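J.: I am attaching a structure below and will ask some questions about it afterwards.
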Amino acid sequence: MSATTTGLVRTAGGGELAAGARAMIPWLAGVVPFGLVIGVSAARADIPALAGWLTGPAIYAGSAQVATIEMLHAGAAPAVIVATALIINLRLVLYSGAIANQWRGTPRWWRATAAYLLVDPSFVVGMDGYERHSDRAAGHRHYLGGAVLLWVAWMIAIGVGVTLGAQLPAMLRLELIIPLYLVGEVVSKLGDRATRRAAVTAAVTAVVALAVPLHLGVLIAIISGLGAALTVKGGSR
Amino acid sequence: MTAWVVILLAGLGSYLFRISMIVVTERVSLPAKLEQASGFVAPAAFAALAATGIAVASKQSGDFVQAAPLLAAVAAAILAVRLTGRSYVAVLAGMPTLWLLTLVVGA
């Protein structure tokens, strides 16, 4: 067993694992409610409850999961749903590229597992860990500590949401929690001109494109929003 | 059946994205435009999904009176977030507004 592998599996490094998990806790405050509302919306959607929950372990990225669930519910064409989810998840390629250097030389099984756990919060917590530890193995444990806690919390939050959502009465109109939640996310992050333009263009296009067949509207709207943001001079965020 | 396949395909594609740059042995620099655009994917996607969800639900309501509680709920959500600067208050302000006004309209 190589030194790196030993470093990854030995329990003596529990300190960094715990530090990574602690660094993830502030993220959970935002992530857990999102997981709950995704679970509730999955339970209200016209798909099997277990399939809704499966978006968690399979796709493991909230916004792409929402798009998949909502579009399955709306009856969009399968290829369009997959394309929309993948456009939303394209950022994972960037995360992959940014963290790849840190993972060079690690065992293949470790890279395969660590990559599976890669998503916005684990990327940020992980990169922070690598910056703070000159010892690469300590950085790996920091990443894993945060990433595993995030994964477990996400699966539980969605599971609780699915269970709750299936039991609450239809008159509560819980299917509207997701749109309202997303309104909150968008409105609270309209800090700069390019982001505002991305959001407004995407929203207007989505409404106009409701009549577009195959439910291509969401995909068209996201791309229009990106285009609009990139036309802002200097592209400042 | 379709739902399962769609979810697994989206999951598989996402995993390939995650592992993509890690299996590439040479360091590859990604196009700068992609990097720049990726920062706007979340706001654009969230806005598109929210607008679609609200538009579809208000269309299903039938007439304007039936759709009014939903539109008021969205307005309340936006106002609450603007006032507090916190995203989660959108649901806390929006859902009770929706319930209350649905009762009023229904009565």
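Following the order of the structure tokens, chains are lettered A, B, ..., residues in each are numbered from 1, and ligands are numbered from 1.
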Show which residues sit within 12 Å of range 210-222 of chain A, as an NGL selection string. Count only C-alpha atoms, and ignore same-chain residues fewer than 5 positions away.
T.: (:A and (64 or 66-68 or 70-88 or 197-205 or 227-229)) or (:B and (37-38 or 40-57 or 59))
J.: Set the distance at 10 Å and use only C-alpha atoms: which residues neighbour Ala76 in chain B once local chain neighbours fewer than 2 positions away are removed? I'd like the list as a list in words.
T.: Leu180 of chain A; Leu70, Leu71, Ala72, Ala73, Val74, Ile78, Leu79, Ala80, Val81, Arg82, Val89, Ala90, Val91, Leu92, Ala93, Gly94, Met95, Pro96, Thr97 and Leu98 of chain B
J.: What does the file look like for those residues with N, CA and C atoms, as a PDB file, in the first residue's frame?
T.:
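Listed below is the output, result_7.pdb:
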```pdb
ATOM      1  N   LEU A 180     -41.099  29.015  -5.352  1.00  0.00           N
ATOM      2  CA  LEU A 180     -40.897  30.109  -4.394  1.00  0.00           C
ATOM      3  C   LEU A 180     -39.484  30.072  -3.811  1.00  0.00           C
TER       4      LEU A 180
ATOM      5  N   LEU B  70     -51.574  33.042  -6.165  1.00  0.00           N
ATOM      6  CA  LEU B  70     -50.218  32.607  -6.499  1.00  0.00           C
ATOM      7  C   LEU B  70     -49.337  33.803  -6.851  1.00  0.00           C
ATOM      8  N   LEU B  71     -49.882  34.701  -7.699  1.00  0.00           N
ATOM      9  CA  LEU B  71     -49.083  35.865  -8.101  1.00  0.00           C
ATOM     10  C   LEU B  71     -48.782  36.747  -6.892  1.00  0.00           C
ATOM     11  N   ALA B  72     -49.749  36.866  -5.972  1.00  0.00           N
ATOM     12  CA  ALA B  72     -49.526  37.638  -4.747  1.00  0.00           C
ATOM     13  C   ALA B  72     -48.466  36.959  -3.879  1.00  0.00           C
ATOM     14  N   ALA B  73     -48.485  35.620  -3.873  1.00  0.00           N
ATOM     15  CA  ALA B  73     -47.497  34.880  -3.090  1.00  0.00           C
ATOM     16  C   ALA B  73     -46.090  35.132  -3.630  1.00  0.00           C
ATOM     17  N   VAL B  74     -45.962  35.168  -4.958  1.00  0.00           N
ATOM     18  CA  VAL B  74     -44.661  35.443  -5.572  1.00  0.00           C
ATOM     19  C   VAL B  74     -44.211  36.858  -5.214  1.00  0.00           C
ATOM     20  N   ILE B  78     -40.844  37.904  -3.145  1.00  0.00           N
ATOM     21  CA  ILE B  78     -39.816  38.829  -3.644  1.00  0.00           C
ATOM     22  C   ILE B  78     -39.611  39.958  -2.641  1.00  0.00           C
ATOM     23  N   LEU B  79     -40.729  40.509  -2.154  1.00  0.00           N
ATOM     24  CA  LEU B  79     -40.665  41.626  -1.205  1.00  0.00           C
ATOM     25  C   LEU B  79     -39.932  41.203   0.069  1.00  0.00           C
ATOM     26  N   ALA B  80     -40.273  40.022   0.582  1.00  0.00           N
ATOM     27  CA  ALA B  80     -39.666  39.556   1.831  1.00  0.00           C
ATOM     28  C   ALA B  80     -38.158  39.376   1.671  1.00  0.00           C
ATOM     29  N   VAL B  81     -37.735  38.851   0.517  1.00  0.00           N
ATOM     30  CA  VAL B  81     -36.304  38.643   0.293  1.00  0.00           C
ATOM     31  C   VAL B  81     -35.593  39.984   0.138  1.00  0.00           C
ATOM     32  N   ARG B  82     -36.240  40.935  -0.568  1.00  0.00           N
ATOM     33  CA  ARG B  82     -35.645  42.267  -0.746  1.00  0.00           C
ATOM     34  C   ARG B  82     -35.465  42.946   0.615  1.00  0.00           C
ATOM     35  N   VAL B  89     -36.664  33.272   3.340  1.00  0.00           N
ATOM     36  CA  VAL B  89     -37.928  33.900   3.717  1.00  0.00           C
ATOM     37  C   VAL B  89     -38.921  33.896   2.551  1.00  0.00           C
ATOM     38  N   ALA B  90     -38.443  33.612   1.336  1.00  0.00           N
ATOM     39  CA  ALA B  90     -39.349  33.558   0.183  1.00  0.00           C
ATOM     40  C   ALA B  90     -40.444  32.526   0.414  1.00  0.00           C
ATOM     41  N   VAL B  91     -40.048  31.340   0.892  1.00  0.00           N
ATOM     42  CA  VAL B  91     -41.028  30.276   1.146  1.00  0.00           C
ATOM     43  C   VAL B  91     -41.870  30.627   2.372  1.00  0.00           C
ATOM     44  N   LEU B  92     -41.220  31.171   3.411  1.00  0.00           N
ATOM     45  CA  LEU B  92     -41.930  31.499   4.657  1.00  0.00           C
ATOM     46  C   LEU B  92     -42.977  32.586   4.436  1.00  0.00           C
ATOM     47  N   ALA B  93     -42.715  33.523   3.516  1.00  0.00           N
ATOM     48  CA  ALA B  93     -43.688  34.586   3.237  1.00  0.00           C
ATOM     49  C   ALA B  93     -44.672  34.143   2.152  1.00  0.00           C
ATOM     50  N   GLY B  94     -44.158  33.412   1.166  1.00  0.00           N
ATOM     51  CA  GLY B  94     -44.983  33.058   0.007  1.00  0.00           C
ATOM     52  C   GLY B  94     -46.076  32.048   0.295  1.00  0.00           C
ATOM     53  N   MET B  95     -45.730  30.949   0.970  1.00  0.00           N
ATOM     54  CA  MET B  95     -46.716  29.882   1.167  1.00  0.00           C
ATOM     55  C   MET B  95     -47.910  30.341   2.030  1.00  0.00           C
ATOM     56  N   PRO B  96     -47.686  30.994   3.191  1.00  0.00           N
ATOM     57  CA  PRO B  96     -48.849  31.473   3.963  1.00  0.00           C
ATOM     58  C   PRO B  96     -49.707  32.461   3.161  1.00  0.00           C
ATOM     59  N   THR B  97     -49.060  33.328   2.365  1.00  0.00           N
ATOM     60  CA  THR B  97     -49.827  34.264   1.528  1.00  0.00           C
ATOM     61  C   THR B  97     -50.723  33.486   0.565  1.00  0.00           C
ATOM     62  N   LEU B  98     -50.129  32.451  -0.031  1.00  0.00           N
ATOM     63  CA  LEU B  98     -50.885  31.614  -0.972  1.00  0.00           C
ATOM     64  C   LEU B  98     -52.090  30.959  -0.275  1.00  0.00           C
TER      65      LEU B  98
END
```
J.: Neighbours of range 60-68 of chain B within 9 Å (only C-alpha atoms; same-chain residues fewer than 6 positions away dropped), as number ranges by chain?
T.: B: 98, 101-102, 105-106
J.: Where in range 138-200 of chain A does DSSP assign alpha helix (DSSP H), given as a VMD selection string?
T.: chain A and resid 138 to 167 177 to 187 193 to 200
J.: For the residues in the current selection, export N, CA and C atoms as a short mmCIF file (atom, residue, chain, number, x, y, z; two decimals), in the first residue's frame.
T.:
```cif
data_model
loop_
_atom_site.label_atom_id
_atom_site.label_comp_id
_atom_site.auth_asym_id
_atom_site.auth_seq_id
_atom_site.Cartn_x
_atom_site.Cartn_y
_atom_site.Cartn_z
N ALA A 138 -3.45 15.03 4.30
CA ALA A 138 -4.32 15.71 5.26
C ALA A 138 -5.43 16.45 4.52
N GLY A 139 -5.07 17.04 3.37
CA GLY A 139 -6.07 17.72 2.54
C GLY A 139 -7.13 16.75 2.04
N HIS A 140 -6.70 15.54 1.66
CA HIS A 140 -7.65 14.53 1.20
C HIS A 140 -8.66 14.21 2.29
N ARG A 141 -8.14 14.05 3.52
CA ARG A 141 -9.04 13.71 4.62
C ARG A 141 -10.00 14.85 4.91
N HIS A 142 -9.50 16.09 4.78
CA HIS A 142 -10.34 17.27 4.98
C HIS A 142 -11.49 17.26 3.96
N TYR A 143 -11.13 16.99 2.71
CA TYR A 143 -12.14 16.92 1.64
C TYR A 143 -13.18 15.86 1.95
N LEU A 144 -12.68 14.65 2.28
CA LEU A 144 -13.56 13.52 2.51
C LEU A 144 -14.49 13.77 3.71
N GLY A 145 -13.95 14.35 4.76
CA GLY A 145 -14.76 14.63 5.96
C GLY A 145 -15.95 15.52 5.62
N GLY A 146 -15.68 16.59 4.85
CA GLY A 146 -16.76 17.50 4.46
C GLY A 146 -17.70 16.86 3.46
N ALA A 147 -17.12 16.19 2.46
CA ALA A 147 -17.92 15.65 1.35
C ALA A 147 -18.86 14.54 1.81
N VAL A 148 -18.37 13.67 2.70
CA VAL A 148 -19.22 12.56 3.17
C VAL A 148 -20.36 13.09 4.04
N LEU A 149 -20.05 14.05 4.90
CA LEU A 149 -21.11 14.63 5.74
C LEU A 149 -22.19 15.25 4.85
N LEU A 150 -21.76 15.97 3.81
CA LEU A 150 -22.70 16.61 2.89
C LEU A 150 -23.59 15.56 2.23
N TRP A 151 -22.96 14.48 1.77
CA TRP A 151 -23.71 13.43 1.06
C TRP A 151 -24.78 12.82 1.97
N VAL A 152 -24.35 12.49 3.19
CA VAL A 152 -25.29 11.86 4.14
C VAL A 152 -26.45 12.82 4.44
N ALA A 153 -26.12 14.08 4.72
CA ALA A 153 -27.15 15.07 5.06
C ALA A 153 -28.12 15.26 3.88
N TRP A 154 -27.58 15.26 2.67
CA TRP A 154 -28.41 15.46 1.47
C TRP A 154 -29.40 14.31 1.29
N MET A 155 -28.89 13.06 1.45
CA MET A 155 -29.77 11.90 1.27
C MET A 155 -30.87 11.88 2.32
N ILE A 156 -30.51 12.23 3.57
CA ILE A 156 -31.51 12.24 4.65
C ILE A 156 -32.55 13.33 4.38
N ALA A 157 -32.07 14.54 4.01
CA ALA A 157 -32.98 15.67 3.79
C ALA A 157 -33.99 15.34 2.68
N ILE A 158 -33.52 14.77 1.58
CA ILE A 158 -34.43 14.43 0.48
C ILE A 158 -35.40 13.33 0.93
N GLY A 159 -34.87 12.33 1.65
CA GLY A 159 -35.72 11.24 2.13
C GLY A 159 -36.82 11.75 3.05
N VAL A 160 -36.47 12.65 3.97
CA VAL A 160 -37.47 13.21 4.88
C VAL A 160 -38.49 14.01 4.07
N GLY A 161 -38.01 14.78 3.10
CA GLY A 161 -38.91 15.58 2.26
C GLY A 161 -39.89 14.71 1.49
N VAL A 162 -39.39 13.62 0.92
CA VAL A 162 -40.25 12.71 0.15
C VAL A 162 -41.32 12.12 1.06
N THR A 163 -40.91 11.69 2.26
CA THR A 163 -41.84 11.07 3.20
C THR A 163 -42.91 12.06 3.65
N LEU A 164 -42.46 13.28 4.01
CA LEU A 164 -43.39 14.32 4.46
C LEU A 164 -44.34 14.71 3.34
N GLY A 165 -43.75 14.96 2.17
CA GLY A 165 -44.53 15.45 1.03
C GLY A 165 -45.64 14.51 0.63
N ALA A 166 -45.39 13.20 0.82
CA ALA A 166 -46.39 12.21 0.42
C ALA A 166 -47.56 12.20 1.39
N GLN A 167 -47.35 12.72 2.61
CA GLN A 167 -48.40 12.62 3.63
C GLN A 167 -49.23 13.89 3.77
N ILE A 177 -43.66 25.15 -3.53
CA ILE A 177 -42.52 25.47 -2.66
C ILE A 177 -41.26 25.66 -3.50
N ILE A 178 -41.06 24.78 -4.49
CA ILE A 178 -39.83 24.87 -5.29
C ILE A 178 -39.74 26.20 -6.06
N PRO A 179 -40.78 26.59 -6.82
CA PRO A 179 -40.69 27.88 -7.49
C PRO A 179 -40.42 29.04 -6.52
N LEU A 180 -41.10 29.02 -5.35
CA LEU A 180 -40.90 30.11 -4.39
C LEU A 180 -39.48 30.07 -3.81
N TYR A 181 -39.02 28.87 -3.53
CA TYR A 181 -37.65 28.72 -3.02
C TYR A 181 -36.65 29.29 -4.03
N LEU A 182 -36.86 28.96 -5.30
CA LEU A 182 -35.95 29.42 -6.35
C LEU A 182 -36.04 30.94 -6.52
N VAL A 183 -37.26 31.50 -6.37
CA VAL A 183 -37.42 32.96 -6.42
C VAL A 183 -36.52 33.58 -5.34
N GLY A 184 -36.56 33.01 -4.14
CA GLY A 184 -35.73 33.52 -3.05
C GLY A 184 -34.25 33.46 -3.38
N GLU A 185 -33.83 32.33 -3.93
CA GLU A 185 -32.41 32.16 -4.29
C GLU A 185 -31.98 33.19 -5.32
N VAL A 186 -32.83 33.40 -6.32
CA VAL A 186 -32.48 34.33 -7.39
C VAL A 186 -32.47 35.77 -6.88
N VAL A 187 -33.57 36.17 -6.21
CA VAL A 187 -33.71 37.56 -5.78
C VAL A 187 -32.60 37.96 -4.80
N ARG A 193 -24.87 43.50 -12.29
CA ARG A 193 -25.64 43.69 -13.51
C ARG A 193 -25.71 42.42 -14.35
N ALA A 194 -24.58 41.72 -14.48
CA ALA A 194 -24.54 40.53 -15.34
C ALA A 194 -25.46 39.44 -14.79
N THR A 195 -25.45 39.26 -13.47
CA THR A 195 -26.32 38.24 -12.86
C THR A 195 -27.78 38.62 -13.02
N ARG A 196 -28.08 39.91 -12.82
CA ARG A 196 -29.46 40.38 -13.01
C ARG A 196 -29.92 40.10 -14.42
N ARG A 197 -29.03 40.40 -15.37
CA ARG A 197 -29.40 40.20 -16.76
C ARG A 197 -29.62 38.71 -17.07
N ALA A 198 -28.76 37.87 -16.51
CA ALA A 198 -28.91 36.42 -16.70
C ALA A 198 -30.27 35.95 -16.18
N ALA A 199 -30.61 36.40 -14.97
CA ALA A 199 -31.84 35.94 -14.32
C ALA A 199 -33.09 36.46 -15.04
N VAL A 200 -33.09 37.76 -15.34
CA VAL A 200 -34.27 38.36 -15.96
C VAL A 200 -34.48 37.79 -17.37
#
```
J.: Between B:Val23, B:Ala10, B:Leu83, B:Ala75, which has the minimum distance to chain A (counting only C-alpha atoms)?
T.: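 Looking at the shortest contact to chain A, the residue is B:Ala10.
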J.: Counting only C-alpha atoms, figure out which residue out of A:Asp135, A:Pro48, A:Ser122, A:Ala112 gets nearest to Met24 in chain A.
T.: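 Between A:Asp135, A:Pro48, A:Ser122, A:Ala112, the residue approaching Met24 in chain A most closely is A:Ser122.
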J.: What does the distance from CA of Asp192 in chain A to CA of Ile69 in chain A come to in Å, to one decimal?
T.: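 Separation between CA of Asp192 in chain A and CA of Ile69 in chain A: 29.7 Å.
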J.: Would you work out the distance separating CA of Thr55 in chain A from CA of Val24 in chain B, expressed in Å to one decimal?
T.: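 It comes out at 27.0 Å.
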J.: Go through A:Ser96, A:Thr231, A:Gln102, A:Gln65 one by one, measure the shortest atom-to-atom distance of each to Ser20 in chain B using only C-alpha atoms, and give the residue with the smallest value.
T.: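 So, comparing all the options, the nearest one is A:Ser96.
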J.: Considering only C-alpha atoms, state which residue in the set A:Gly126, A:Gly225, A:Gly14, A:Pro121 is at the smallest distance from chain B.
T.: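 Of A:Gly126, A:Gly225, A:Gly14, A:Pro121, the one nearest chain B, counting only C-alpha atoms, is A:Gly225.
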J.: Quick check, in Å to one decimal: how far apart do CA of Ala58 in chain A and CA of Glu175 in chain A lie?
T.: 22.1 Å
J.: Return the single residue from A:Ile47, A:Gly105, A:Ala137, A:Arg132 that is closest to chain B, with distances computed using only C-alpha atoms.
T.: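 Closest to chain B, using only C-alpha atoms: A:Ile47.
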